[in-house]
Structures are given as C-alpha cells and as structure tokens.
>>> print(open('entry_18.cif').read())   # mmCIF, C-alpha atoms
data_protein
loop_
_atom_site.label_atom_id
_atom_site.label_comp_id
_atom_site.auth_asym_id
_atom_site.auth_seq_id
_atom_site.Cartn_x
_atom_site.Cartn_y
_atom_site.Cartn_z
CA MET A 1 18.22 -16.31 -3.80
CA THR A 2 17.90 -17.96 -0.41
CA ARG A 3 15.18 -16.83 2.01
CA ASP A 4 14.79 -16.81 5.76
CA ILE A 5 11.35 -15.56 6.84
CA GLN A 6 10.45 -15.85 10.50
CA ILE A 7 7.52 -14.43 12.39
CA HIS A 8 8.52 -15.37 15.86
CA PRO A 9 7.15 -14.83 19.38
CA TYR A 10 9.31 -12.27 21.25
CA PRO A 11 12.26 -12.48 21.80
CA LEU A 12 13.67 -12.97 18.32
CA PRO A 13 16.31 -15.68 17.95
CA PRO A 14 19.94 -14.44 17.91
CA ILE A 15 20.91 -12.67 14.70
CA PRO A 16 22.41 -15.33 12.41
CA ALA A 17 25.80 -14.86 10.79
CA PRO A 18 25.59 -13.97 7.08
CA PRO A 19 25.63 -17.15 4.98
CA PHE A 20 29.06 -17.59 3.41
CA ASN A 21 29.01 -16.69 -0.26
CA ALA A 22 32.29 -15.73 -1.96
CA LEU A 23 30.29 -13.86 -4.63
CA SER A 24 28.63 -11.59 -2.05
CA GLY A 25 30.55 -8.38 -1.51
CA ALA A 26 27.75 -6.55 0.28
CA TYR A 27 25.74 -7.40 3.38
CA THR A 28 23.24 -4.89 4.75
CA SER A 29 21.02 -5.30 7.78
CA PHE A 30 18.38 -3.34 9.63
CA THR A 31 17.32 -3.66 13.26
CA GLY A 32 14.12 -2.00 14.41
CA THR A 33 13.59 -1.42 18.14
CA ILE A 34 10.60 -0.18 20.13
CA ARG A 35 10.80 3.52 21.07
CA ASN A 36 9.77 4.45 24.62
CA SER A 37 7.06 6.84 23.47
CA GLU A 38 4.26 6.87 20.94
CA ALA A 39 2.69 10.18 19.88
CA ASN A 40 4.48 11.90 22.83
CA SER A 41 3.03 9.47 25.42
CA PRO A 42 5.48 7.24 27.27
CA ILE A 43 4.89 3.56 26.55
CA LEU A 44 6.06 0.29 28.08
CA ALA A 45 5.76 -2.06 25.12
CA ILE A 46 4.12 -2.82 21.80
CA HIS A 47 2.07 -5.97 21.31
CA TYR A 48 2.29 -7.25 17.74
CA GLU A 49 -0.50 -9.32 16.24
CA ALA A 50 -0.07 -11.20 12.96
CA PHE A 51 -2.33 -13.10 10.58
CA LEU A 52 0.42 -15.65 10.19
CA PRO A 53 -0.34 -17.64 7.01
CA MET A 54 -1.12 -14.47 5.08
CA ALA A 55 1.86 -12.62 6.57
CA HIS A 56 4.23 -15.38 5.43
CA HIS A 57 2.60 -15.42 2.01
CA GLN A 58 2.86 -11.64 1.63
CA PHE A 59 6.54 -11.69 2.69
CA HIS A 60 7.11 -14.30 -0.02
CA LEU A 61 5.40 -12.08 -2.61
CA ILE A 62 7.68 -9.18 -1.63
CA LEU A 63 10.72 -11.45 -1.87
CA ASN A 64 9.54 -12.70 -5.27
CA HIS A 65 9.59 -9.11 -6.44
CA ILE A 66 13.05 -8.52 -4.95
CA GLU A 67 14.34 -11.66 -6.62
CA SER A 68 13.06 -10.50 -10.02
CA THR A 69 14.30 -6.91 -9.60
CA TRP A 70 17.76 -7.00 -8.00
CA PRO A 71 20.60 -9.54 -8.12
CA ILE A 72 20.30 -10.56 -4.45
CA HIS A 73 21.87 -13.72 -3.01
CA HIS A 74 20.09 -13.89 0.34
CA VAL A 75 17.24 -12.15 2.17
CA ALA A 76 16.19 -12.63 5.77
CA VAL A 77 13.40 -11.00 7.73
CA HIS A 78 12.58 -11.83 11.34
CA HIS A 79 9.56 -10.10 12.86
CA ALA A 80 8.61 -10.46 16.51
CA ILE A 81 5.00 -10.98 17.61
CA GLY A 82 3.49 -10.76 21.06
CA ARG A 83 4.71 -8.27 23.67
CA VAL A 84 7.96 -6.48 22.80
CA PRO A 85 9.21 -4.19 25.62
CA ALA A 86 10.44 -0.66 24.80
CA GLY A 87 14.10 -0.70 23.82
CA HIS A 88 13.92 -4.24 22.46
CA THR A 89 14.05 -5.50 18.89
CA SER A 90 10.81 -6.01 16.97
CA ILE A 91 12.30 -6.61 13.52
CA TRP A 92 15.58 -7.57 11.95
CA ALA A 93 16.17 -7.90 8.22
CA CYS A 94 19.18 -8.34 5.97
CA THR A 95 20.11 -8.59 2.31
CA GLN A 96 23.24 -9.97 0.71
CA ALA A 97 24.39 -9.20 -2.84
CA ALA A 98 27.48 -8.76 -4.95
CA HIS A 99 27.32 -4.96 -4.68
CA ARG A 100 25.98 -2.47 -2.15
CA ARG A 101 23.43 -0.64 -4.30
CA ALA A 102 21.30 -3.70 -4.90
CA ALA A 103 21.61 -4.79 -1.26
CA PHE A 104 20.51 -1.37 0.07
CA ALA A 105 17.69 -0.99 -2.48
CA ALA A 106 16.26 -4.43 -1.81
CA LEU A 107 16.41 -3.98 1.96
CA GLN A 108 14.64 -0.62 1.73
CA PHE A 109 12.01 -2.10 -0.58
CA LEU A 110 11.41 -5.03 1.76
CA LEU A 111 10.79 -2.77 4.75
CA ASP A 112 8.66 -0.27 2.82
CA ARG A 113 6.47 -2.97 1.31
CA MET A 114 6.13 -4.81 4.60
CA LYS A 115 4.52 -1.72 6.10
CA LEU A 116 1.97 -1.72 3.29
CA GLN A 117 0.97 -5.30 2.78
CA VAL A 118 2.11 -7.73 5.48
CA PRO A 119 -0.78 -8.23 7.92
CA ILE A 120 0.90 -7.41 11.22
CA TRP A 121 -0.60 -4.85 13.62
CA LYS A 122 0.56 -2.93 16.70
CA HIS A 123 -1.20 -2.49 20.02
CA VAL A 124 0.46 -0.01 22.34
CA GLU A 125 0.84 -0.72 26.07
CA TYR A 126 0.92 2.50 28.08
CA GLU A 127 2.53 3.17 31.48
CA ASP A 128 -0.70 2.43 33.35
CA GLY A 129 -0.80 -1.04 31.78
CA SER A 130 -3.70 -0.27 29.42
CA VAL A 131 -3.41 -1.63 25.88
CA ASP A 132 -5.11 0.12 22.99
CA GLY A 133 -7.84 -1.80 21.04
CA GLY A 134 -7.58 -5.13 19.33
CA LEU A 135 -6.55 -7.32 22.23
CA GLY A 136 -9.39 -6.25 24.47
CA CYS A 137 -11.68 -9.10 23.48
CA GLY A 138 -9.49 -11.81 24.91
CA VAL A 139 -8.53 -13.25 21.54
CA GLN A 140 -4.83 -14.00 21.35
CA PRO A 141 -3.01 -14.36 18.07
CA PRO A 142 -1.75 -17.89 17.43
CA ALA A 143 1.84 -18.18 18.64
CA THR A 144 3.35 -19.99 15.69
CA ILE A 145 2.38 -20.92 12.19
CA MET B 1 -20.38 4.05 -12.51
CA ASN B 2 -20.76 7.29 -14.41
CA PRO B 3 -20.62 10.90 -13.18
CA SER B 4 -24.39 11.42 -13.17
CA ASP B 5 -25.17 8.66 -10.70
CA VAL B 6 -22.48 8.75 -8.05
CA SER B 7 -22.26 10.33 -4.66
CA ILE B 8 -18.82 11.53 -3.57
CA GLU B 9 -17.61 11.05 -0.05
CA VAL B 10 -14.70 13.22 1.16
CA PHE B 11 -11.67 10.99 1.71
CA LEU B 12 -8.75 13.44 1.97
CA THR B 13 -9.45 17.06 2.92
CA PRO B 14 -7.61 20.03 1.34
CA ASP B 15 -5.71 20.49 4.62
CA GLN B 16 -4.59 16.86 4.71
CA ILE B 17 -3.45 17.09 1.09
CA ARG B 18 -1.61 20.38 1.68
CA ALA B 19 0.24 19.04 4.73
CA ARG B 20 1.35 15.87 2.95
CA VAL B 21 2.41 17.71 -0.22
CA SER B 22 4.61 19.99 1.96
CA GLU B 23 6.24 16.93 3.55
CA LEU B 24 6.93 15.39 0.15
CA ALA B 25 8.43 18.67 -1.09
CA GLU B 26 10.68 18.89 1.97
CA GLN B 27 11.88 15.35 1.45
CA ILE B 28 12.56 15.97 -2.25
CA THR B 29 14.38 19.22 -1.41
CA ARG B 30 16.59 17.32 1.04
CA ASP B 31 17.24 14.38 -1.27
CA TYR B 32 18.23 16.53 -4.26
CA ALA B 33 20.08 19.25 -2.29
CA GLY B 34 22.49 21.16 -4.53
CA GLN B 35 21.18 19.53 -7.71
CA GLU B 36 18.98 20.75 -10.53
CA LEU B 37 15.79 18.85 -11.19
CA LEU B 38 13.57 18.29 -14.22
CA VAL B 39 10.07 17.55 -12.97
CA VAL B 40 8.01 15.65 -15.54
CA GLY B 41 4.27 15.64 -14.95
CA ILE B 42 1.96 13.11 -16.56
CA LEU B 43 -1.08 14.91 -18.02
CA ASN B 44 -3.87 15.59 -17.19
CA GLY B 45 -4.58 14.40 -13.68
CA THR B 46 -1.25 15.50 -12.21
CA ILE B 47 -1.38 19.24 -12.81
CA LEU B 48 -2.90 20.34 -9.48
CA PHE B 49 -0.59 18.09 -7.46
CA LEU B 50 2.45 19.15 -9.51
CA ALA B 51 1.57 22.85 -9.20
CA ASP B 52 1.33 22.62 -5.41
CA LEU B 53 4.39 20.37 -5.10
CA VAL B 54 6.85 22.42 -7.17
CA ARG B 55 5.94 25.62 -5.32
CA GLU B 56 7.26 24.06 -2.13
CA ILE B 57 10.40 22.44 -3.54
CA GLN B 58 13.37 24.68 -2.68
CA LEU B 59 15.60 23.74 -5.63
CA ASP B 60 16.44 25.00 -9.09
CA LEU B 61 13.96 23.13 -11.21
CA HIS B 62 12.29 23.04 -14.59
CA PHE B 63 9.12 21.27 -15.41
CA ASP B 64 7.73 19.60 -18.48
CA PHE B 65 4.83 17.31 -19.28
CA VAL B 66 4.08 14.11 -21.09
CA GLY B 67 0.60 13.09 -22.13
CA LEU B 68 -0.46 9.52 -21.92
CA SER B 69 -4.02 8.47 -21.87
CA SER B 70 -5.20 5.13 -20.59
CA TYR B 71 -8.74 5.84 -19.51
CA ARG B 72 -10.05 7.21 -22.81
CA ASN B 73 -13.20 8.86 -21.45
CA SER B 74 -14.32 5.88 -19.44
CA THR B 75 -13.42 4.45 -16.07
CA GLN B 76 -11.89 1.22 -17.28
CA SER B 77 -8.15 0.95 -17.91
CA GLY B 78 -7.42 0.29 -21.53
CA SER B 79 -4.49 0.50 -23.90
CA LEU B 80 -2.13 3.48 -23.72
CA THR B 81 -2.04 6.34 -26.19
CA TRP B 82 0.72 9.02 -26.18
CA THR B 83 -0.85 12.47 -26.51
CA LYS B 84 2.16 14.71 -25.75
CA SER B 85 5.90 14.17 -25.64
CA LEU B 86 8.59 16.14 -23.76
CA THR B 87 9.69 19.51 -25.12
CA SER B 88 13.00 19.50 -23.19
CA SER B 89 15.70 16.86 -23.26
CA PRO B 90 16.00 14.64 -20.18
CA SER B 91 19.47 13.53 -21.17
CA ALA B 92 22.06 13.91 -18.35
CA ARG B 93 19.51 15.48 -15.97
CA HIS B 94 17.94 14.36 -12.71
CA ILE B 95 14.33 13.48 -13.54
CA LEU B 96 11.41 13.31 -11.12
CA VAL B 97 8.30 11.88 -12.75
CA VAL B 98 5.13 13.08 -11.04
CA GLU B 99 1.88 11.14 -11.33
CA ASP B 100 -1.46 11.59 -9.61
CA ILE B 101 -2.24 7.96 -8.84
CA LEU B 102 -0.41 4.65 -9.05
CA ASP B 103 -3.19 2.24 -9.98
CA THR B 104 -2.31 -0.63 -12.31
CA GLY B 105 1.16 0.90 -12.81
CA GLN B 106 0.77 0.76 -16.59
CA THR B 107 1.10 4.52 -17.21
CA LEU B 108 3.97 5.22 -14.81
CA SER B 109 5.84 2.17 -15.99
CA ALA B 110 5.52 3.21 -19.66
CA VAL B 111 6.72 6.76 -18.90
CA LEU B 112 9.68 5.57 -16.81
CA GLN B 113 10.70 3.11 -19.49
CA HIS B 114 10.46 5.81 -22.17
CA LEU B 115 12.56 8.28 -20.13
CA ILE B 116 15.19 5.72 -19.09
CA ASN B 117 15.86 5.19 -22.80
CA LEU B 118 16.70 8.91 -23.10
CA ASN B 119 19.72 8.60 -20.73
CA PRO B 120 18.84 10.74 -17.74
CA LEU B 121 21.40 11.14 -14.93
CA SER B 122 18.84 9.67 -12.51
CA ILE B 123 15.13 8.99 -12.48
CA LYS B 124 12.67 8.76 -9.60
CA SER B 125 8.91 8.85 -9.32
CA CYS B 126 6.55 10.70 -7.03
CA VAL B 127 2.85 9.84 -6.79
CA LEU B 128 0.15 11.50 -4.73
CA LEU B 129 -1.82 8.29 -4.26
CA GLU B 130 -0.85 4.64 -4.44
CA LYS B 131 -3.58 2.02 -4.41
CA MET B 132 -2.83 -0.93 -2.17
CA ILE B 133 -3.42 -3.62 -4.74
CA PRO B 134 -1.35 -6.40 -6.24
CA ARG B 135 0.00 -5.17 -9.59
CA PRO B 136 0.68 -7.11 -12.76
CA ILE B 137 3.65 -4.76 -13.30
CA PRO B 138 6.06 -4.76 -10.32
CA ILE B 139 6.45 -1.04 -9.65
CA HIS B 140 6.44 1.31 -6.68
CA ALA B 141 6.92 5.06 -6.35
CA ASP B 142 10.00 6.55 -4.71
CA TYR B 143 7.82 9.21 -3.08
CA CYS B 144 4.20 8.52 -2.20
CA GLY B 145 1.67 10.91 -0.66
CA PHE B 146 -0.99 8.49 0.54
CA HIS B 147 -1.55 4.77 0.30
CA ILE B 148 -5.22 4.22 -0.35
CA PRO B 149 -7.60 1.26 -0.56
CA ASP B 150 -8.85 0.10 -3.95
CA ARG B 151 -11.68 2.59 -4.51
CA PHE B 152 -12.59 4.90 -7.38
CA VAL B 153 -11.28 8.32 -6.34
CA VAL B 154 -11.85 11.77 -7.89
CA GLY B 155 -10.90 15.39 -7.26
CA TYR B 156 -7.65 17.36 -6.95
CA GLY B 157 -6.93 16.55 -10.60
CA LEU B 158 -8.44 13.05 -10.73
CA ASP B 159 -11.49 12.59 -12.90
CA MET B 160 -14.36 10.35 -13.72
CA ALA B 161 -14.97 10.57 -17.49
CA GLY B 162 -13.43 14.07 -17.45
CA GLN B 163 -15.45 15.41 -14.54
CA PHE B 164 -14.63 16.28 -10.91
CA ARG B 165 -10.99 17.28 -11.54
CA ASN B 166 -11.50 20.68 -9.91
CA LEU B 167 -12.75 19.41 -6.54
CA PRO B 168 -10.39 20.79 -3.86
CA TYR B 169 -10.50 17.48 -1.98
CA ILE B 170 -10.10 13.81 -2.91
CA GLY B 171 -13.35 11.91 -2.72
CA ILE B 172 -14.49 8.31 -3.08
CA CYS B 173 -17.29 7.64 -5.57
CA HIS B 174 -20.23 5.52 -4.51
CA PRO B 175 -22.91 4.45 -6.97
CA ILE B 176 -26.28 5.93 -5.98
CA SER B 177 -28.48 3.20 -7.38
CA PRO B 178 -27.75 -0.47 -6.73
CA ILE B 179 -26.20 -2.26 -9.69
CA PRO B 180 -28.86 -4.58 -11.16
CA ASP B 181 -28.13 -8.28 -11.44
CA SER B 182 -26.57 -9.20 -14.73
CA PRO B 183 -28.86 -11.16 -17.07
CA ASP B 184 -26.26 -13.95 -17.05
CA SER B 185 -26.82 -14.65 -13.40
CA ALA B 186 -29.72 -17.02 -14.02
CA HIS B 187 -27.27 -19.44 -15.61
CA HIS B 188 -25.23 -19.77 -12.45
CA SER B 189 -25.95 -21.72 -9.31
CA LEU B 190 -28.80 -20.37 -7.22
CA LEU B 191 -27.61 -21.91 -3.95
CA PRO B 192 -26.79 -19.46 -1.16
CA LEU B 193 -23.12 -19.04 -0.27
CA THR B 194 -21.69 -19.76 3.15
CA VAL B 195 -18.44 -18.00 3.96
CA GLU B 196 -16.31 -17.49 7.06
CA ILE B 197 -15.25 -13.96 7.96
CA GLN B 198 -12.22 -13.37 10.19
CA PHE B 199 -11.62 -10.05 11.93
CA TRP B 200 -8.16 -8.81 12.83
CA SER B 201 -6.61 -6.15 15.04
CA HIS B 202 -9.03 -3.37 16.11
CA PHE B 203 -11.84 -4.96 14.15
CA LYS B 204 -11.88 -7.77 16.72
CA SER B 205 -12.55 -5.23 19.46
CA ILE B 206 -15.40 -3.80 17.43
CA THR B 207 -17.05 -7.14 16.74
CA GLN B 208 -16.00 -8.78 20.04
CA CYS B 209 -15.30 -11.97 18.12
CA GLN B 210 -12.58 -13.37 15.90
CA ASN B 211 -14.77 -14.86 13.20
CA VAL B 212 -18.34 -15.42 12.02
CA ARG B 213 -19.95 -17.65 9.41
CA ILE B 214 -22.55 -15.97 7.26
CA SER B 215 -24.88 -16.97 4.43
CA LEU B 216 -25.17 -14.72 1.42
CA PRO B 217 -27.31 -14.78 -1.71
CA PRO B 218 -25.77 -16.52 -4.73
CA HIS B 219 -23.36 -14.37 -6.81
CA SER B 220 -22.41 -12.21 -3.81
CA THR B 221 -19.14 -10.30 -3.85
CA LEU B 222 -16.61 -9.40 -1.20
CA ALA B 223 -18.25 -5.98 -0.91
CA ASP B 224 -21.61 -7.68 -0.28
CA ALA B 225 -20.03 -9.72 2.52
CA PHE B 226 -18.63 -6.53 4.05
CA HIS B 227 -22.03 -4.82 3.91
CA HIS B 228 -23.61 -7.88 5.49
CA VAL B 229 -21.24 -7.85 8.48
CA CYS B 230 -21.63 -4.06 8.82
CA GLN B 231 -25.35 -4.63 9.44
CA LYS B 232 -24.47 -7.12 12.17
CA PHE B 233 -21.61 -4.98 13.56
CA PRO B 234 -22.41 -1.31 12.76
CA GLY B 235 -19.11 -0.26 14.37
CA LEU B 236 -17.31 -1.52 11.26
CA GLN B 237 -19.13 0.88 8.94
CA PRO B 238 -16.90 3.94 9.69
CA HIS B 239 -13.91 1.81 8.59
CA SER B 240 -15.32 0.95 5.18
CA ASN B 241 -12.85 3.22 3.37
CA SER B 242 -9.71 1.96 5.05
CA CYS B 243 -10.73 -1.69 5.44
CA LEU B 244 -8.42 -4.18 3.72
CA MET B 245 -9.99 -7.36 2.39
CA ALA B 246 -8.48 -10.73 1.64
CA ILE B 247 -9.75 -14.10 0.56
CA GLY B 248 -7.42 -16.77 1.91
CA ASN B 249 -3.96 -15.20 1.88
CA GLU B 250 -4.51 -12.83 -1.07
CA TYR B 251 -5.74 -9.25 -1.11
CA LYS B 252 -8.87 -9.03 -3.25
CA HIS B 253 -10.89 -6.28 -4.89
CA PRO B 254 -14.30 -5.65 -3.28
CA SER B 255 -15.96 -6.68 -6.54
CA SER B 256 -14.42 -10.18 -6.35
CA PRO B 257 -17.05 -12.93 -6.53
CA LEU B 258 -17.27 -15.28 -3.57
CA GLN B 259 -17.42 -19.04 -3.48
CA THR B 260 -18.90 -21.11 -0.74
CA ASN B 261 -16.45 -21.87 2.12
CA ASP B 262 -14.23 -18.90 1.23
CA VAL B 263 -12.36 -17.58 4.28
CA ILE B 264 -12.53 -13.80 4.16
CA SER B 265 -10.32 -11.58 6.30
CA LEU B 266 -11.20 -7.98 7.13
CA PHE B 267 -8.65 -5.74 8.78
CA PRO B 268 -7.43 -2.17 9.23
CA PRO B 269 -4.22 -0.91 7.53
CA VAL B 270 -1.21 -2.96 8.58
CA GLN B 271 1.54 -1.66 10.91
CA GLY B 272 4.46 -4.07 10.93
CA GLY B 273 7.99 -3.03 11.79
#
>>> encode(input="entry_18.cif", output="structure tokens")
Amino acid sequence: MTRDIQIHPYPLPPIPAPPFNALSGAYTSFTGTIRNSEANSPILAIHYEAFLPMAHHQFHLILNHIESTWPIHHVAVHHAIGRVPAGHTSIWACTQAAHRRAAFAALQFLLDRMKLQVPIWKHVEYEDGSVDGGLGCGVQPPATI
Amino acid sequence: MNPSDVSIEVFLTPDQIRARVSELAEQITRDYAGQELLVVGILNGTILFLADLVREIQLDLHFDFVGLSSYRNSTQSGSLTWTKSLTSSPSARHILVVEDILDTGQTLSAVLQHLINLNPLSIKSCVLLEKMIPRPIPIHADYCGFHIPDRFVVGYGLDMAGQFRNLPYIGICHPISPIPDSPDSAHHSLLPLTVEIQFWSHFKSITQCQNVRISLPPHSTLADAFHHVCQKFPGLQPHSNSCLMAIGNEYKHPSSPLQTNDVISLFPPVQGG
C-alpha cells in the first residue's frame, strides 16, 4: 500500500490524480470544507494547529491498521494547517482498492480515527476578528515538519 | 484501587447519557430501516445501556445476551471466561452487538469473532464508551456513545469489583489515599528526573507558554508530572479528565513511568478535519 500523508500550510496543494494501478477498480475521495458558521455563529475562518511529528506518526498508525485490515492499494490524506477561510478545503483524503467496499470502509475509518487520535486542533475566527483560545499567547505552530 | 477507598467524580450526567443514547438509537433506526435486528448484549455491564437503547430504536427487534467475563472480581483485565451463550440463532440475521465499554477490545473482539462464525447476515457493534488508548487488538465500534480518556469509570452498568453498577451517572474513580511507594523502589536510581512538558491548543492559553522543564522525584509517572504542572498552572486542573497525554509521539497511560529528558505533551481532545 502506498501512502501520501501531508500536513500542509493552507492552501493545500492541488488534488493529485489517482496513481495508475490496473488492479484498482475503486477510487474514493473525501473533501472537507469550512462551514460559514459554528454553533449558529457566523465565522470567517478556522485556524488549525498541529503537533506535527506526532500527527504524522498517528496518521501512520491509522494507515498501518488500514493496511492490515483492508486490501487497499493507496491512501492519501492532506490536512491544512494555519488559517483556512470559510468555504475552503481543510482536508482531502482518498483510498484506492480493487473493490468499492474496502475503499469506502478504509476511507471512513481513516477520517473517524483522525478525529480521535491525530493531534490537530481548531481555533475559530469570528466575524469581529476574534479567535477563540489557543493562539492568544502568541505561539504559532511550526509551519512544516 | 478497591471500592472501599475511592471517591467517584461525576463524568457523564444522566441527562448527557440519555441524550446520546437517543442519538445512537436514531442513527441505528435510520441505518437498519425496514430490517429486523437481533441485539446481542454482553453481560453484565451492558444491561442498563441496552435497556435504554432498545426502547428508543424504532425497528422490529429481538434481544439476547452472551456472558463473557474478563475482570473476574478485580479491576485488572485477565483471561476470558464464557458464562452464557446465545439462546437464539444469529444465522442469517442482522446482528448488533452492544457493549458497555471498549477498553482493551478483548471482550468485544472475542464476541464478534464467535458470532461471525455463526453466519449472520451482517454484524455491527455499538459501545457506550470507547477509551482513547492504543489497542493490542485493532478494533473499533461502528456506533460509539462517548470517547473517553483512559480512566477507571463506574456506574450506569459499569462496576468496580461488582459495585457501583446502579449509579445513574458515569463517574471516574479516584483513589482516596496516595498509593505508597513500592518496596522495590529503593533498588532503582534515586536521582531526580528532569522532563520537558509541551502544551498544545487551549492549554497554551491557560499556561501562557508552550513548554516548561520540570524536575520530579525519582520513579515519577506521567500522572505525577500532570499534577506537578497543575500546581504551577491551576487553570489546567479542570481539564484533568479530558487531558490527553503523550510521551514523544505516543499516547501513554497516566501510570507510565517517566525517564529523564522525556518530552511530554499535554493537550485537549483533538479536532482535525
């Protein structure tokens, strides 16, 4: 199984074409974008903060599990960090397999597990420019690993 | 810990549990629309959760139980013993296995494996609580009520040595008296430990810094390090139940021993996506 894990300052790089594999009959992908409201309050953007070495490591652990559970040929996950404006993409992920069931199941598992164990956090920027906790102390997350 | 010397802190209130159980039931009702379901509960801890859950599932369903004991009247996971098998046949039926807590995954995994061998039409699992820990057995529940940190929890069916199952809430057990040093400790190094602690997300706002170096007595654990920084930054204390802890890039149990120069990370639940 090939892997493409990127935790990348916004904007994410263009979505790559699926790698050619004549054995792969199924390609599934997911694109997550920032909604323009959070808990009924209009928002301008979400700032994502990541603990990069651990986030990469935890993505690898999730992909190890996928590799041992489903017959998947390729997995990619690209997560944006920094300020992502409403309406723009914060995450893109894909899976490629011989058949659709495995591809769907692995993609769903990847996204569900990410929300549990990959150390990435949100900070919401409201219409008045205020940003909720976390970034208020002037510490910026490192831009790249 | 044993039941006579713990204090129990409320972690999930009856209202929080009720609301989440309703959501799970709605989701299950939607997912199995038009189909008949055999709900299999794992005794004993699951009965309160199962009773509340099935009353809100709007489907034709039957329920049955399996008994599988791993705790054997103590609080340490041990080997599994079957105490009750199914009375109905799961063959060619949609099965939903209901479990109170996904901890090591040993029990749920054994039940799923057993039922898969009996040729059901489909099989899914629903747990009220899933501990956020690395598992030796790769397993996750299809439906999960709450993801919780790695603490000893009781109530709403969950027990400590048979007690506390009838609490209407889910609580976290704290030992009342400090655990005495083990007699072995004299054989280990007596040098103090120096570790670095990194704070992430909202914890940085609380501490107003990204990291600190602290010295701890020899044989200190991750939990000791957390208590130490809580004294320095009391604003962290209210987050003790939801705080995630890592050493290096790995999640670790609060009882994990520390070594000098360990880099510890403390952070709130993650929110990627």
>>> residues_around(input="entry_18.cif", residues="Gln27 in chain B", least_positions_apart="2", cutoff="12 Å", atoms="only C-alpha atoms", output="VMD selection string")
chain B and resid 20 to 25 29 to 33 53 56 to 59 126 142 to 145
>>> residues_around(input="entry_18.cif", residues="Leu222 in chain B", least_positions_apart="2", cutoff="10 Å", atoms="all atoms listed in the file", output="MDAnalysis selection string")
chainID B and resid 220 224:228 245:247 252:259 264
>>> atom_distance(input="entry_18.cif", atom1="CA of Ala51 in chain B", atom2="CA of Ile28 in chain B")
14.7 Å
>>> closest_atom_pairs(input="entry_18.cif", of="chain B", to="chain A", cutoff="8 Å", atoms="only C-alpha atoms", output="tab-separated table")
residue	atom	partner	partner_atom	distance
B:Met132	CA	A:Leu116	CA	7.3
B:Pro138	CA	A:His65	CA	6.8
B:His147	CA	A:Leu116	CA	8.0
B:Trp200	CA	A:Gly134	CA	7.5
B:Ser201	CA	A:Gly134	CA	4.5
B:His202	CA	A:Gly134	CA	3.9
B:Phe203	CA	A:Gly134	CA	6.7
B:Lys204	CA	A:Gly134	CA	5.7
B:Ser205	CA	A:Gly134	CA	5.0
B:Gln208	CA	A:Cys137	CA	5.5
B:Cys209	CA	A:Cys137	CA	7.1
B:Gln210	CA	A:Val139	CA	6.9
B:Gly248	CA	A:Met54	CA	7.4
B:Asn249	CA	A:Met54	CA	4.3
B:Glu250	CA	A:Met54	CA	7.2
B:Pro269	CA	A:Leu116	CA	7.5
B:Val270	CA	A:Pro119	CA	5.3
B:Gln271	CA	A:Trp121	CA	4.7
B:Gly272	CA	A:Ile120	CA	4.9
B:Gly273	CA	A:Ile91	CA	5.9
>>> resolve_selection(input="entry_18.cif", expression="the PyMOL selection byres ((chain A and resi 45) around 9)", output="ChimeraX atom specification")
/A:34-36,43-44,46-47,83-88,123-127
>>> write_last_selection(input="entry_18.cif", atoms="C-alpha atoms", output="mmCIF file, in the coordinates of the input")
data_model
loop_
_atom_site.group_PDB
_atom_site.id
_atom_site.type_symbol
_atom_site.label_atom_id
_atom_site.label_comp_id
_atom_site.auth_asym_id
_atom_site.auth_seq_id
_atom_site.Cartn_x
_atom_site.Cartn_y
_atom_site.Cartn_z
ATOM 1 C CA ILE A 34 10.600 -0.180 20.130
ATOM 2 C CA ARG A 35 10.800 3.520 21.070
ATOM 3 C CA ASN A 36 9.770 4.450 24.620
ATOM 4 C CA ILE A 43 4.890 3.560 26.550
ATOM 5 C CA LEU A 44 6.060 0.290 28.080
ATOM 6 C CA ILE A 46 4.120 -2.820 21.800
ATOM 7 C CA HIS A 47 2.070 -5.970 21.310
ATOM 8 C CA ARG A 83 4.710 -8.270 23.670
ATOM 9 C CA VAL A 84 7.960 -6.480 22.800
ATOM 10 C CA PRO A 85 9.210 -4.190 25.620
ATOM 11 C CA ALA A 86 10.440 -0.660 24.800
ATOM 12 C CA GLY A 87 14.100 -0.700 23.820
ATOM 13 C CA HIS A 88 13.920 -4.240 22.460
ATOM 14 C CA HIS A 123 -1.200 -2.490 20.020
ATOM 15 C CA VAL A 124 0.460 -0.010 22.340
ATOM 16 C CA GLU A 125 0.840 -0.720 26.070
ATOM 17 C CA TYR A 126 0.920 2.500 28.080
ATOM 18 C CA GLU A 127 2.530 3.170 31.480
#
>>> resolve_selection(input="entry_18.cif", expression="the PyMOL selection byres ((chain B and resi 136) around 10)", output="list in words")
Thr104, Gly105, Gln106, Ile133, Pro134, Arg135, Ile137, Pro138 and Ile139 of chain B
>>> resolve_selection(input="entry_18.cif", expression="the PyMOL selection byres ((chain B and resi 37) around 10)", output="PyMOL selection string")
chain B and resi 28-29+32-36+38-40+59-63+90+93-96+122-123
